[in-house]
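Shown next, in structure tokens, is the structure this report addresses.
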Amino acid sequence: QVQLVESGGGLVQPGGSLRLSCAASGTIFSINTMGWYRQAPGKLRDLVAVITSGGRTNYADSVKGRFTVSRVNTNNTAYLQMNSLKPEDTAVYYCYAALLGYDYWGQGTQVTVSS
């Protein structure tokens, strides 16, 4: 069992920055993939960015060049640095982890980009 706790969401103006954090607990094994998905009102949950334990990353086209995903393997913590935020980035952001064939999700943190 894995528990994921996100932090760092909030309200920011267009062009601003936010950093999300996700701390995983409850497992002694190294998590293979960690990352972030987001869900805007009335839309499906979509990939934002993920990173493997080896450092390979995958980003949604809409965030490439603006967002950076990173992680610290020793304590299973993932980060999402979000720069040049746009109103269309407004969504609930969910931390994600994959371990031994199971998917785990955090409770979500709201990110609102508005002037």
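A note on labels: chains of the structure tokens are A, B, ... as shown, every chain counts residues from 1, and ligands are counted from 1 in their shown order.
Residues in contact with Leu47 (chain A) at up to 8 Å, not including ones fewer than 2 positions away on its chain and judged by only C-alpha atoms, are Trp36, Tyr37, Arg38, Arg45, Ala49, Val50, Tyr59 and Ala60 of chain A.
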Using all heavy atoms, can you write the selected residues to a file as a PDB file, in the first residue's frame?
ATOM      1  N   TRP A  36       2.509  13.311 -12.364  1.00  0.00           N
ATOM      2  CA  TRP A  36       1.359  14.181 -12.158  1.00  0.00           C
ATOM      3  C   TRP A  36       0.365  14.061 -13.307  1.00  0.00           C
ATOM      4  O   TRP A  36       0.756  14.019 -14.480  1.00  0.00           O
ATOM      5  CB  TRP A  36       1.835  15.627 -12.042  1.00  0.00           C
ATOM      6  CG  TRP A  36       2.807  15.814 -10.926  1.00  0.00           C
ATOM      7  CD1 TRP A  36       4.166  15.666 -10.976  1.00  0.00           C
ATOM      8  CD2 TRP A  36       2.492  16.148  -9.574  1.00  0.00           C
ATOM      9  NE1 TRP A  36       4.712  15.894  -9.736  1.00  0.00           N
ATOM     10  CE2 TRP A  36       3.708  16.200  -8.858  1.00  0.00           C
ATOM     11  CE3 TRP A  36       1.306  16.444  -8.899  1.00  0.00           C
ATOM     12  CZ2 TRP A  36       3.758  16.505  -7.501  1.00  0.00           C
ATOM     13  CZ3 TRP A  36       1.365  16.752  -7.557  1.00  0.00           C
ATOM     14  CH2 TRP A  36       2.566  16.785  -6.869  1.00  0.00           C
ATOM     15  N   TYR A  37      -0.902  14.041 -12.932  1.00  0.00           N
ATOM     16  CA  TYR A  37      -2.006  14.161 -13.857  1.00  0.00           C
ATOM     17  C   TYR A  37      -2.843  15.351 -13.400  1.00  0.00           C
ATOM     18  O   TYR A  37      -2.713  15.819 -12.271  1.00  0.00           O
ATOM     19  CB  TYR A  37      -2.864  12.888 -13.855  1.00  0.00           C
ATOM     20  CG  TYR A  37      -2.251  11.725 -14.598  1.00  0.00           C
ATOM     21  CD1 TYR A  37      -1.114  11.081 -14.122  1.00  0.00           C
ATOM     22  CD2 TYR A  37      -2.809  11.261 -15.787  1.00  0.00           C
ATOM     23  CE1 TYR A  37      -0.549  10.016 -14.807  1.00  0.00           C
ATOM     24  CE2 TYR A  37      -2.256  10.195 -16.483  1.00  0.00           C
ATOM     25  CZ  TYR A  37      -1.135   9.576 -15.975  1.00  0.00           C
ATOM     26  OH  TYR A  37      -0.572   8.525 -16.659  1.00  0.00           O
ATOM     27  N   ARG A  38      -3.717  15.817 -14.274  1.00  0.00           N
ATOM     28  CA  ARG A  38      -4.607  16.910 -13.881  1.00  0.00           C
ATOM     29  C   ARG A  38      -5.989  16.714 -14.491  1.00  0.00           C
ATOM     30  O   ARG A  38      -6.134  16.072 -15.523  1.00  0.00           O
ATOM     31  CB  ARG A  38      -4.030  18.269 -14.292  1.00  0.00           C
ATOM     32  CG  ARG A  38      -3.964  18.511 -15.794  1.00  0.00           C
ATOM     33  CD  ARG A  38      -3.237  19.827 -16.069  1.00  0.00           C
ATOM     34  NE  ARG A  38      -3.127  20.090 -17.506  1.00  0.00           N
ATOM     35  CZ  ARG A  38      -2.426  21.100 -18.014  1.00  0.00           C
ATOM     36  NH1 ARG A  38      -1.777  21.946 -17.219  1.00  0.00           N
ATOM     37  NH2 ARG A  38      -2.389  21.275 -19.327  1.00  0.00           N
ATOM     38  N   ARG A  45      -9.286  13.144 -16.703  1.00  0.00           N
ATOM     39  CA  ARG A  45      -7.964  13.297 -16.086  1.00  0.00           C
ATOM     40  C   ARG A  45      -6.904  12.988 -17.144  1.00  0.00           C
ATOM     41  O   ARG A  45      -6.932  11.931 -17.781  1.00  0.00           O
ATOM     42  CB  ARG A  45      -7.825  12.351 -14.897  1.00  0.00           C
ATOM     43  CG  ARG A  45      -6.590  12.574 -14.066  1.00  0.00           C
ATOM     44  CD  ARG A  45      -6.578  11.684 -12.833  1.00  0.00           C
ATOM     45  NE  ARG A  45      -7.704  11.963 -11.947  1.00  0.00           N
ATOM     46  CZ  ARG A  45      -7.861  11.389 -10.746  1.00  0.00           C
ATOM     47  NH1 ARG A  45      -6.939  10.544 -10.307  1.00  0.00           N
ATOM     48  NH2 ARG A  45      -8.913  11.668 -10.011  1.00  0.00           N
ATOM     49  N   ALA A  49       2.952  15.059 -16.489  1.00  0.00           N
ATOM     50  CA  ALA A  49       4.350  14.663 -16.609  1.00  0.00           C
ATOM     51  C   ALA A  49       4.626  13.511 -15.653  1.00  0.00           C
ATOM     52  O   ALA A  49       4.091  13.499 -14.540  1.00  0.00           O
ATOM     53  CB  ALA A  49       5.284  15.823 -16.285  1.00  0.00           C
ATOM     54  N   VAL A  50       5.442  12.559 -16.090  1.00  0.00           N
ATOM     55  CA  VAL A  50       5.860  11.457 -15.234  1.00  0.00           C
ATOM     56  C   VAL A  50       7.353  11.252 -15.374  1.00  0.00           C
ATOM     57  O   VAL A  50       7.962  11.674 -16.371  1.00  0.00           O
ATOM     58  CB  VAL A  50       5.111  10.146 -15.565  1.00  0.00           C
ATOM     59  CG1 VAL A  50       3.639  10.260 -15.208  1.00  0.00           C
ATOM     60  CG2 VAL A  50       5.298   9.748 -17.025  1.00  0.00           C
ATOM     61  N   TYR A  59       6.222  14.143 -20.994  1.00  0.00           N
ATOM     62  CA  TYR A  59       5.422  15.328 -20.747  1.00  0.00           C
ATOM     63  C   TYR A  59       4.270  15.424 -21.746  1.00  0.00           C
ATOM     64  O   TYR A  59       4.403  15.035 -22.909  1.00  0.00           O
ATOM     65  CB  TYR A  59       6.262  16.604 -20.916  1.00  0.00           C
ATOM     66  CG  TYR A  59       7.325  16.808 -19.866  1.00  0.00           C
ATOM     67  CD1 TYR A  59       8.610  16.319 -20.036  1.00  0.00           C
ATOM     68  CD2 TYR A  59       7.035  17.525 -18.710  1.00  0.00           C
ATOM     69  CE1 TYR A  59       9.588  16.525 -19.081  1.00  0.00           C
ATOM     70  CE2 TYR A  59       8.004  17.748 -17.747  1.00  0.00           C
ATOM     71  CZ  TYR A  59       9.282  17.243 -17.938  1.00  0.00           C
ATOM     72  OH  TYR A  59      10.245  17.451 -16.987  1.00  0.00           O
ATOM     73  N   ALA A  60       3.169  16.003 -21.301  1.00  0.00           N
ATOM     74  CA  ALA A  60       2.116  16.386 -22.233  1.00  0.00           C
ATOM     75  C   ALA A  60       2.654  17.505 -23.123  1.00  0.00           C
ATOM     76  O   ALA A  60       3.435  18.354 -22.677  1.00  0.00           O
ATOM     77  CB  ALA A  60       0.887  16.874 -21.468  1.00  0.00           C
TER      78      ALA A  60
END
Q: Report as a list in words: the residues of region 64-100 of chain A with a DSSP assignment of strand (DSSP E or B), based on the backbone of this structure.
A: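 The strand (DSSP E or B) subset of region 64-100 of chain A is Phe67, Thr68, Val69, Ser70, Arg71, Val72, Thr77, Ala78, Tyr79, Leu80, Gln81, Met82, Ala91, Val92, Tyr93, Tyr94, Cys95, Tyr96, Ala97, Ala98 and Leu99 of chain A.
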Q. Which residue out of A:Val111, A:Val12, A:Met34, A:Ile51 has the minimum interatomic distance to Asp89 (chain A) when only C-alpha atoms are used?
A.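 Distance minimum relative to Asp89 (chain A) lands on A:Val111.
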Q: Fewer than 3 positions away in the same chain doesn't count, so skip those; otherwise give me all residues within 7 Å of Ser7 (chain A), counting only C-alpha atoms, as a list in words.
A: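 Result of the neighbour search: Leu20, Ser21, Cys22 and Thr109 of chain A.
Taking CA of Arg66 (chain A) and CA of Pro14 (chain A) as endpoints, the distance between them is 12.6 Å.
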Q) How far is it from CA of Leu80 (chain A) to CA of Leu99 (chain A), in Å with one decimal? A)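 These atoms are spaced 19.7 Å apart.
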Q) Which polymer residues have any atom within 7 Å of an atom of Asn76 (chain A), counting only C-alpha atoms, with same-chain residues fewer than 2 positions away left out, as JSON, numbers by chain? A) {"A": [23, 24, 31, 72, 73, 74, 78]}
Q. For Tyr94 (chain A), which residue among A:Pro41, A:Gly26, A:Gly65, A:Gly9 is the nearest when counting only C-alpha atoms?
A. A:Gly9
So which residues of chain A fall under helix (DSSP H, G or I) by DSSP, listed as a PDB file with N, CA, C and O atoms, in the first residue's frame?
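Result went into result37.pdb, see below:
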ATOM      1  N   ASP A  61       2.245  17.512 -24.382  1.00  0.00           N
ATOM      2  CA  ASP A  61       2.736  18.546 -25.305  1.00  0.00           C
ATOM      3  C   ASP A  61       2.420  19.946 -24.796  1.00  0.00           C
ATOM      4  O   ASP A  61       3.205  20.879 -25.001  1.00  0.00           O
ATOM      5  N   SER A  62       1.294  20.095 -24.131  1.00  0.00           N
ATOM      6  CA  SER A  62       0.847  21.421 -23.702  1.00  0.00           C
ATOM      7  C   SER A  62       1.720  22.034 -22.614  1.00  0.00           C
ATOM      8  O   SER A  62       1.636  23.239 -22.367  1.00  0.00           O
ATOM      9  N   VAL A  63       2.556  21.222 -21.951  1.00  0.00           N
ATOM     10  CA  VAL A  63       3.374  21.747 -20.851  1.00  0.00           C
ATOM     11  C   VAL A  63       4.867  21.688 -21.148  1.00  0.00           C
ATOM     12  O   VAL A  63       5.673  22.177 -20.342  1.00  0.00           O
ATOM     13  N   ASN A  73      14.695   9.688  -5.324  1.00  0.00           N
ATOM     14  CA  ASN A  73      14.371   8.271  -5.166  1.00  0.00           C
ATOM     15  C   ASN A  73      14.525   7.787  -3.725  1.00  0.00           C
ATOM     16  O   ASN A  73      13.786   6.916  -3.274  1.00  0.00           O
ATOM     17  N   THR A  74      15.484   8.348  -3.018  1.00  0.00           N
ATOM     18  CA  THR A  74      15.778   7.842  -1.677  1.00  0.00           C
ATOM     19  C   THR A  74      14.612   8.033  -0.725  1.00  0.00           C
ATOM     20  O   THR A  74      14.472   7.275   0.239  1.00  0.00           O
ATOM     21  N   ASN A  75      13.767   9.039  -0.969  1.00  0.00           N
ATOM     22  CA  ASN A  75      12.602   9.225  -0.101  1.00  0.00           C
ATOM     23  C   ASN A  75      11.290   9.256  -0.879  1.00  0.00           C
ATOM     24  O   ASN A  75      10.260   9.674  -0.345  1.00  0.00           O
ATOM     25  N   PRO A  87      -4.027  30.374 -17.930  1.00  0.00           N
ATOM     26  CA  PRO A  87      -5.354  30.053 -17.375  1.00  0.00           C
ATOM     27  C   PRO A  87      -5.802  28.624 -17.692  1.00  0.00           C
ATOM     28  O   PRO A  87      -6.478  27.991 -16.861  1.00  0.00           O
ATOM     29  N   GLU A  88      -5.400  28.103 -18.845  1.00  0.00           N
ATOM     30  CA  GLU A  88      -5.807  26.742 -19.212  1.00  0.00           C
ATOM     31  C   GLU A  88      -5.086  25.666 -18.403  1.00  0.00           C
ATOM     32  O   GLU A  88      -5.396  24.481 -18.533  1.00  0.00           O
ATOM     33  N   ASP A  89      -4.129  26.054 -17.575  1.00  0.00           N
ATOM     34  CA  ASP A  89      -3.494  25.100 -16.661  1.00  0.00           C
ATOM     35  C   ASP A  89      -4.326  24.900 -15.394  1.00  0.00           C
ATOM     36  O   ASP A  89      -3.985  24.053 -14.560  1.00  0.00           O
TER      37      ASP A  89
END
**Q.** Who sits within 6 Å of Ala97 (chain A), only C-alpha atoms, same chain under 6 positions skipped, as a ChimeraX atom specification
**A.** /A:33-34,103-104
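Taking CA of Gly106 (chain A) and CA of Thr77 (chain A) as endpoints, the distance between them is 12.4 Å.
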Q. Within 8 Å of Gly108 (chain A), counting only C-alpha atoms, which residues qualify if same-chain residues fewer than 3 places away don't, as a ChimeraX atom specification?
A. /A:6,92-95
Just to be explicit: take each residue in the selection above, keep N, CA and C atoms, and write the result as a PDB file, in the first residue's frame.
ATOM      1  N   GLU A   6       0.037  15.377  -1.563  1.00  0.00           N
ATOM      2  CA  GLU A   6       0.483  16.511  -2.377  1.00  0.00           C
ATOM      3  C   GLU A   6       0.457  17.796  -1.557  1.00  0.00           C
ATOM      4  N   VAL A  92      -7.384  20.463 -11.000  1.00  0.00           N
ATOM      5  CA  VAL A  92      -6.920  19.727  -9.824  1.00  0.00           C
ATOM      6  C   VAL A  92      -5.778  18.825 -10.282  1.00  0.00           C
ATOM      7  N   TYR A  93      -4.656  18.944  -9.623  1.00  0.00           N
ATOM      8  CA  TYR A  93      -3.469  18.172  -9.971  1.00  0.00           C
ATOM      9  C   TYR A  93      -3.330  16.997  -9.005  1.00  0.00           C
ATOM     10  N   TYR A  94      -3.172  15.807  -9.577  1.00  0.00           N
ATOM     11  CA  TYR A  94      -3.087  14.570  -8.801  1.00  0.00           C
ATOM     12  C   TYR A  94      -1.697  13.962  -8.929  1.00  0.00           C
ATOM     13  N   CYS A  95      -1.131  13.619  -7.802  1.00  0.00           N
ATOM     14  CA  CYS A  95       0.106  12.852  -7.807  1.00  0.00           C
ATOM     15  C   CYS A  95      -0.205  11.409  -8.152  1.00  0.00           C
TER      16      CYS A  95
END
Q.
Using only C-alpha atoms, can you tell me which of A:Thr90, A:Ser115, A:Asn58, A:Gln1 comes closest to Gln39 (chain A)?
A.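 Of all the options, A:Thr90 lies closest to Gln39 (chain A).
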Q | Counting only C-alpha atoms, the residue of A:Gln3, A:Leu100, A:Phe67, A:Gln107 that sits nearest Tyr79 (chain A) | A |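 Of all the options, A:Phe67 lies closest to Tyr79 (chain A).
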